[in-house]
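Novice: Sharing a structure with you now.
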Amino acid sequence: MHHIYHTEAFILGSRPKGEDSKILIVYTRELGLIYAHAQGVRKLSSKLRYVLSDFARVNLDLVRGKEIWRVTTATPVHSYAVLRKARESERILARIASLLMRLVAGEEANHEVYATLARTYDLLETAGVNTEDYRALELLAVARILTSLGYLSRALPGIVSEPGQEEVIPIEFSDIAYQHRLIRDINQALAASQL
């Protein structure tokens, strides 16, 4: 008998498999980055068709197969209606997903990365995000992910969130000079990683 794992997760992306299935790239709270097979999810009659869309936040039930995880059930955690209407929000999520797929190897939970994803989704959902806020928010998310993975220093201003301030963009990120300096540090960290 197979053990069923219950976890909350973000679907970072997917690719078709066969006629009616998908391979999902998923960042889970308990397992980290995994690939999961969703059988029949592309069928028009599938109940999970819209639940398992790219950039969705879901509760998953998973079973470990020989080579890949298999999705048994899924339920949405949050609809993120505002986020899904904004093209720039989806572009930011796609770039963050690409970064995670590039830097995270193997299945290992990282609760800080998961919390950063959750905060980023929640901030993108917040009404009134303007162009400058999008840039600052993406930079904040990338910096926090790189810090959590050990590529950037925790001593940088605004990287570690203060208690009660998790749901706002730190004031340092509105300073263009600080943004440029942080982008330089991020680029150096990525170049040094050789990934």
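Ligands are numbered from 1 in the order shown, residues from 1 within each chain, and chains are lettered A, B, ... in the order they appear in the structure tokens.
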For the interface of stretch 28-142 of chain A with stretch 148-154 of chain A (cut-off 10 Å, counting only C-alpha atoms), please tabulate each contacting residue of stretch 28-142 of chain A alongside its nearest pair of atoms and their separation in Å to one decimal, rows sorted by chain and increasing number, as a Markdown table.

Specialist:
```
| residue | atom | partner | partner_atom | distance |
| --- | --- | --- | --- | --- |
| A:Leu100 | CA | A:Leu149 | CA | 9.9 |
| A:Leu103 | CA | A:Leu149 | CA | 8.3 |
| A:Val104 | CA | A:Leu149 | CA | 8.2 |
| A:Asn110 | CA | A:Ser148 | CA | 7.8 |
| A:His111 | CA | A:Ser148 | CA | 8.8 |
| A:Glu112 | CA | A:Ser148 | CA | 6.0 |
| A:Val113 | CA | A:Ser148 | CA | 6.2 |
| A:Tyr114 | CA | A:Ser148 | CA | 9.8 |
| A:Thr116 | CA | A:Ser148 | CA | 9.1 |
| A:Val142 | CA | A:Ser148 | CA | 9.9 |
```

Novice: With N, CA and C atoms retained, export the selected residues as a compact mmCIF listing (two decimals), in the first residue's frame.

Specialist:
```txt
# COMPACT_ATOMS: atom_id res chain seq x y z
N LEU A 100 13.71 29.30 -9.54
CA LEU A 100 13.64 28.16 -8.62
C LEU A 100 14.01 26.86 -9.31
N LEU A 103 17.82 26.79 -9.66
CA LEU A 103 18.67 26.74 -8.48
C LEU A 103 18.38 25.60 -7.51
N VAL A 104 17.16 25.11 -7.49
CA VAL A 104 16.80 24.08 -6.51
C VAL A 104 16.98 22.71 -7.16
N ASN A 110 12.31 23.73 2.03
CA ASN A 110 12.90 24.99 2.46
C ASN A 110 11.72 25.90 2.79
N HIS A 111 11.43 26.00 4.08
CA HIS A 111 10.24 26.74 4.51
C HIS A 111 10.36 28.24 4.23
N GLU A 112 11.58 28.77 4.22
CA GLU A 112 11.75 30.19 3.90
C GLU A 112 11.39 30.47 2.44
N VAL A 113 11.81 29.59 1.53
CA VAL A 113 11.47 29.76 0.11
C VAL A 113 9.96 29.67 -0.05
N TYR A 114 9.36 28.70 0.62
CA TYR A 114 7.91 28.53 0.51
C TYR A 114 7.19 29.78 1.04
N THR A 116 8.35 32.81 1.15
CA THR A 116 8.57 33.89 0.19
C THR A 116 7.60 33.79 -0.98
N VAL A 142 13.15 37.63 -5.35
CA VAL A 142 14.38 37.00 -5.83
C VAL A 142 15.46 37.09 -4.74
```

Novice: Please identify all polymer residues within 7 Å of stretch 53-61 of chain A, counting only C-alpha atoms, omitting same-chain residues fewer than 5 positions from it, and present them as a list of chain:residue names.

Specialist: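 The residues satisfying every condition are A:Ile4, A:Tyr5, A:His6, A:Thr7, A:Glu8, A:Ala9, A:Phe10, A:Ile11, A:Leu12, A:Gly13, A:Ser14, A:Val71, A:Thr72, A:Thr73, A:Ala74, A:Thr75, A:Pro76, A:Val77, A:His78.
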
Novice: Could you save the residues just selected, with N, CA and C atoms, as a compact mmCIF listing (two decimals), in the first residue's frame?

Specialist:
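Resulting contents of selection-v6.txt:
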```
# COMPACT_ATOMS: atom_id res chain seq x y z
N ILE A 4 0.05 8.21 1.24
CA ILE A 4 -0.42 9.43 0.59
C ILE A 4 0.14 10.63 1.36
N TYR A 5 0.84 11.51 0.63
CA TYR A 5 1.39 12.72 1.22
C TYR A 5 0.43 13.86 0.96
N HIS A 6 0.11 14.60 2.02
CA HIS A 6 -0.76 15.78 1.92
C HIS A 6 0.13 17.01 2.10
N THR A 7 0.07 17.92 1.15
CA THR A 7 0.91 19.12 1.23
C THR A 7 0.29 20.29 0.48
N GLU A 8 0.64 21.47 0.92
CA GLU A 8 0.27 22.68 0.18
C GLU A 8 1.38 22.95 -0.82
N ALA A 9 1.02 23.48 -1.99
CA ALA A 9 2.03 23.64 -3.04
C ALA A 9 1.68 24.75 -4.01
N PHE A 10 2.72 25.22 -4.71
CA PHE A 10 2.58 26.16 -5.82
C PHE A 10 2.96 25.42 -7.09
N ILE A 11 2.14 25.53 -8.12
CA ILE A 11 2.47 24.91 -9.40
C ILE A 11 3.27 25.93 -10.20
N LEU A 12 4.55 25.63 -10.36
CA LEU A 12 5.47 26.56 -11.04
C LEU A 12 5.35 26.49 -12.55
N GLY A 13 4.91 25.35 -13.05
CA GLY A 13 4.78 25.17 -14.49
C GLY A 13 4.33 23.76 -14.79
N SER A 14 4.12 23.50 -16.08
CA SER A 14 3.68 22.16 -16.48
C SER A 14 4.05 21.94 -17.94
N VAL A 71 -0.23 12.77 -8.71
CA VAL A 71 -1.28 13.55 -8.05
C VAL A 71 -2.53 12.67 -7.96
N THR A 72 -3.06 12.53 -6.75
CA THR A 72 -4.32 11.79 -6.60
C THR A 72 -5.50 12.74 -6.49
N THR A 73 -5.36 13.80 -5.70
CA THR A 73 -6.42 14.82 -5.60
C THR A 73 -5.77 16.19 -5.40
N ALA A 74 -6.55 17.22 -5.68
CA ALA A 74 -6.08 18.59 -5.50
C ALA A 74 -7.28 19.50 -5.23
N THR A 75 -7.06 20.46 -4.35
CA THR A 75 -8.08 21.48 -4.08
C THR A 75 -7.40 22.85 -4.06
N PRO A 76 -8.08 23.88 -4.54
CA PRO A 76 -7.46 25.21 -4.53
C PRO A 76 -7.34 25.76 -3.11
N VAL A 77 -6.27 26.50 -2.85
CA VAL A 77 -6.09 27.17 -1.56
C VAL A 77 -6.65 28.58 -1.65
N HIS A 78 -6.38 29.25 -2.77
CA HIS A 78 -6.80 30.64 -2.98
C HIS A 78 -7.00 30.83 -4.48
```

Novice: Looking only at the backbone, which of the residues in chain A does DSSP tag as strand (DSSP E), as a VMD selection string?

Specialist: chain A and resid 4 to 17 21 to 28 32 to 38 57 to 64 69 to 78

Novice: Dump N, CA and C atoms for the selected residues as a short mmCIF file (atom, residue, chain, number, x, y, z; two decimals), in the first residue's frame?

Specialist:
```cif
data_model
loop_
_atom_site.label_atom_id
_atom_site.label_comp_id
_atom_site.auth_asym_id
_atom_site.auth_seq_id
_atom_site.Cartn_x
_atom_site.Cartn_y
_atom_site.Cartn_z
N ILE A 4 0.05 8.21 1.24
CA ILE A 4 -0.42 9.43 0.59
C ILE A 4 0.14 10.63 1.36
N TYR A 5 0.84 11.51 0.63
CA TYR A 5 1.39 12.72 1.22
C TYR A 5 0.43 13.86 0.96
N HIS A 6 0.11 14.60 2.02
CA HIS A 6 -0.76 15.78 1.92
C HIS A 6 0.13 17.01 2.10
N THR A 7 0.07 17.92 1.15
CA THR A 7 0.91 19.12 1.23
C THR A 7 0.29 20.29 0.48
N GLU A 8 0.64 21.47 0.92
CA GLU A 8 0.27 22.68 0.18
C GLU A 8 1.38 22.95 -0.82
N ALA A 9 1.02 23.48 -1.99
CA ALA A 9 2.03 23.64 -3.04
C ALA A 9 1.68 24.75 -4.01
N PHE A 10 2.72 25.22 -4.71
CA PHE A 10 2.58 26.16 -5.82
C PHE A 10 2.96 25.42 -7.09
N ILE A 11 2.14 25.53 -8.12
CA ILE A 11 2.47 24.91 -9.40
C ILE A 11 3.27 25.93 -10.20
N LEU A 12 4.55 25.63 -10.36
CA LEU A 12 5.47 26.56 -11.04
C LEU A 12 5.35 26.49 -12.55
N GLY A 13 4.91 25.35 -13.05
CA GLY A 13 4.78 25.17 -14.49
C GLY A 13 4.33 23.76 -14.79
N SER A 14 4.12 23.50 -16.08
CA SER A 14 3.68 22.16 -16.48
C SER A 14 4.05 21.94 -17.94
N ARG A 15 3.99 20.68 -18.33
CA ARG A 15 4.17 20.33 -19.74
C ARG A 15 3.25 19.16 -20.04
N PRO A 16 2.76 19.08 -21.27
CA PRO A 16 1.86 17.98 -21.62
C PRO A 16 2.57 16.63 -21.60
N LYS A 17 1.83 15.61 -21.29
CA LYS A 17 2.35 14.24 -21.34
C LYS A 17 1.26 13.38 -21.96
N SER A 21 -2.63 14.01 -20.21
CA SER A 21 -2.01 14.17 -18.90
C SER A 21 -1.03 15.34 -18.90
N LYS A 22 -0.50 15.65 -17.71
CA LYS A 22 0.48 16.71 -17.55
C LYS A 22 1.56 16.26 -16.57
N ILE A 23 2.75 16.78 -16.77
CA ILE A 23 3.80 16.71 -15.76
C ILE A 23 3.84 18.10 -15.13
N LEU A 24 3.64 18.15 -13.82
CA LEU A 24 3.63 19.41 -13.09
C LEU A 24 4.97 19.63 -12.40
N ILE A 25 5.46 20.84 -12.44
CA ILE A 25 6.63 21.23 -11.66
C ILE A 25 6.06 21.98 -10.47
N VAL A 26 6.28 21.43 -9.28
CA VAL A 26 5.58 21.88 -8.09
C VAL A 26 6.57 22.19 -6.97
N TYR A 27 6.35 23.32 -6.29
CA TYR A 27 7.13 23.61 -5.08
C TYR A 27 6.20 23.39 -3.89
N THR A 28 6.52 22.37 -3.10
CA THR A 28 5.67 22.00 -1.97
C THR A 28 6.26 22.49 -0.66
N GLY A 32 9.67 20.30 -0.97
CA GLY A 32 10.49 21.14 -1.84
C GLY A 32 10.03 21.03 -3.28
N LEU A 33 10.97 21.08 -4.21
CA LEU A 33 10.66 21.04 -5.64
C LEU A 33 10.51 19.60 -6.11
N ILE A 34 9.37 19.30 -6.69
CA ILE A 34 9.12 17.95 -7.20
C ILE A 34 8.45 18.03 -8.57
N TYR A 35 8.49 16.91 -9.26
CA TYR A 35 7.77 16.75 -10.52
C TYR A 35 6.67 15.74 -10.24
N ALA A 36 5.45 16.04 -10.69
CA ALA A 36 4.32 15.17 -10.41
C ALA A 36 3.50 14.94 -11.67
N HIS A 37 3.05 13.71 -11.85
CA HIS A 37 2.23 13.32 -12.99
C HIS A 37 0.75 13.49 -12.62
N ALA A 38 0.02 14.21 -13.44
CA ALA A 38 -1.42 14.40 -13.24
C ALA A 38 -2.14 13.70 -14.39
N ARG A 57 -2.08 27.90 -6.43
CA ARG A 57 -1.71 27.49 -5.07
C ARG A 57 -2.75 26.47 -4.64
N VAL A 58 -2.30 25.26 -4.35
CA VAL A 58 -3.23 24.15 -4.13
C VAL A 58 -2.82 23.29 -2.94
N ASN A 59 -3.78 22.54 -2.44
CA ASN A 59 -3.50 21.44 -1.52
C ASN A 59 -3.47 20.18 -2.38
N LEU A 60 -2.38 19.43 -2.28
CA LEU A 60 -2.21 18.23 -3.10
C LEU A 60 -2.16 16.98 -2.24
N ASP A 61 -2.69 15.90 -2.78
CA ASP A 61 -2.46 14.57 -2.25
C ASP A 61 -1.60 13.87 -3.28
N LEU A 62 -0.45 13.37 -2.85
CA LEU A 62 0.53 12.78 -3.75
C LEU A 62 0.90 11.37 -3.31
N VAL A 63 1.21 10.55 -4.29
CA VAL A 63 1.72 9.20 -4.04
C VAL A 63 3.04 9.09 -4.77
N ARG A 64 4.03 8.50 -4.10
CA ARG A 64 5.35 8.34 -4.71
C ARG A 64 5.33 7.14 -5.64
N TRP A 69 6.35 11.48 -8.75
CA TRP A 69 5.17 11.60 -7.89
C TRP A 69 3.92 11.57 -8.75
N ARG A 70 2.82 11.14 -8.18
CA ARG A 70 1.53 11.13 -8.88
C ARG A 70 0.51 11.90 -8.04
N VAL A 71 -0.23 12.77 -8.71
CA VAL A 71 -1.28 13.55 -8.05
C VAL A 71 -2.53 12.67 -7.96
N THR A 72 -3.06 12.53 -6.75
CA THR A 72 -4.32 11.79 -6.60
C THR A 72 -5.50 12.74 -6.49
N THR A 73 -5.36 13.80 -5.70
CA THR A 73 -6.42 14.82 -5.60
C THR A 73 -5.77 16.19 -5.40
N ALA A 74 -6.55 17.22 -5.68
CA ALA A 74 -6.08 18.59 -5.50
C ALA A 74 -7.28 19.50 -5.23
N THR A 75 -7.06 20.46 -4.35
CA THR A 75 -8.08 21.48 -4.08
C THR A 75 -7.40 22.85 -4.06
N PRO A 76 -8.08 23.88 -4.54
CA PRO A 76 -7.46 25.21 -4.53
C PRO A 76 -7.34 25.76 -3.11
N VAL A 77 -6.27 26.50 -2.85
CA VAL A 77 -6.09 27.17 -1.56
C VAL A 77 -6.65 28.58 -1.65
N HIS A 78 -6.38 29.25 -2.77
CA HIS A 78 -6.80 30.64 -2.98
C HIS A 78 -7.00 30.83 -4.48
#
```

Novice: Which neighbours of A:Glu19 fall inside 9 Å, counting only C-alpha atoms, when residues of the same chain fewer than 3 positions from it are skipped, and could you give them as a ChimeraX atom specification?

Specialist: /A:16,40,42-43

Novice: Rank nothing, just name the residue among A:Ile169, A:Glu67, A:Tyr80, A:His180 nearest to A:Asp122, using only C-alpha atoms.

Specialist: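 Counting only C-alpha atoms, the residue closest to A:Asp122 is A:Tyr80.
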
Novice: Quick one: distance from atom CA of A:Ile92 to atom CA of A:Glu138 in Å, one decimal?

Specialist: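 Computed distance, atom CA of A:Ile92 to atom CA of A:Glu138, equals 6.3 Å.
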
Novice: In stretch 69-174 of chain A, what's helix (DSSP H, G or I) per DSSP? Answer as number ranges by chain?

Specialist: A: 81-85, 87-103, 111-125, 131-148, 171-174

Novice: Do you have the atom CA of A:Leu52-atom CA of A:Leu124 distance handy?

Specialist: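 We find that atom CA of A:Leu52 and atom CA of A:Leu124 lie 19.5 Å from each other.
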
Novice: So that I can check the surroundings of A:Thr126, please list as a list in words every protein, DNA and RNA residue that reaches within 10 Å of it, counting only C-alpha atoms and ignoring chain neighbours fewer than 4 positions away.

Specialist: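 Close residues of A:Thr126: Tyr80, Val82, Leu83, Thr120, Tyr121, Asp122 and Glu167 of chain A.
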
Novice: Which neighbours of A:Leu140 fall inside 10 Å, counting only C-alpha atoms, when residues of the same chain fewer than 5 positions from it are skipped, and could you give them as a short mmCIF file (atom, residue, chain, number, x, y, z; two decimals) with C-alpha atoms, in the first residue's frame?

Specialist:
```
data_model
loop_
_atom_site.label_atom_id
_atom_site.label_comp_id
_atom_site.auth_asym_id
_atom_site.auth_seq_id
_atom_site.Cartn_x
_atom_site.Cartn_y
_atom_site.Cartn_z
CA THR A 116 8.57 33.89 0.19
CA THR A 120 4.81 37.18 -3.20
CA TYR A 134 6.05 45.18 -9.45
CA ARG A 135 9.77 45.80 -9.93
CA ILE A 145 14.89 33.26 -2.34
CA LEU A 146 18.63 33.66 -3.00
CA GLY A 158 15.20 44.73 3.90
CA ILE A 159 15.95 41.10 3.06
CA VAL A 160 14.91 39.57 6.37
CA ILE A 169 7.52 45.80 0.59
CA PRO A 170 10.38 47.15 2.74
CA GLU A 172 14.66 50.11 1.05
CA PHE A 173 13.19 48.61 -2.11
CA GLN A 179 17.69 48.37 -6.28
CA LEU A 182 20.98 44.64 -5.14
#
```

Novice: Rank A:Ile183, A:Leu31, A:Ala143, A:Leu190 by their smallest atom-to-atom distance to A:Gly106, using only C-alpha atoms, and report the top residue only.

Specialist: A:Leu31

Novice: Pick the closest to A:Leu123 from A:Ala191, A:Ala109, A:Val168, A:Lys66: which is it, counting only C-alpha atoms?

Specialist: A:Val168

Novice: Any idea what the distance is between atom CA of A:Ser174 and atom CA of A:Asp133?

Specialist: 8.0 Å

Novice: Counting only C-alpha atoms, which residue out of A:Glu125, A:His2, A:Arg102, A:Ala115 sits closest to A:Gln194?

Specialist: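 Among the listed residues, the smallest separation from A:Gln194 belongs to A:Arg102.
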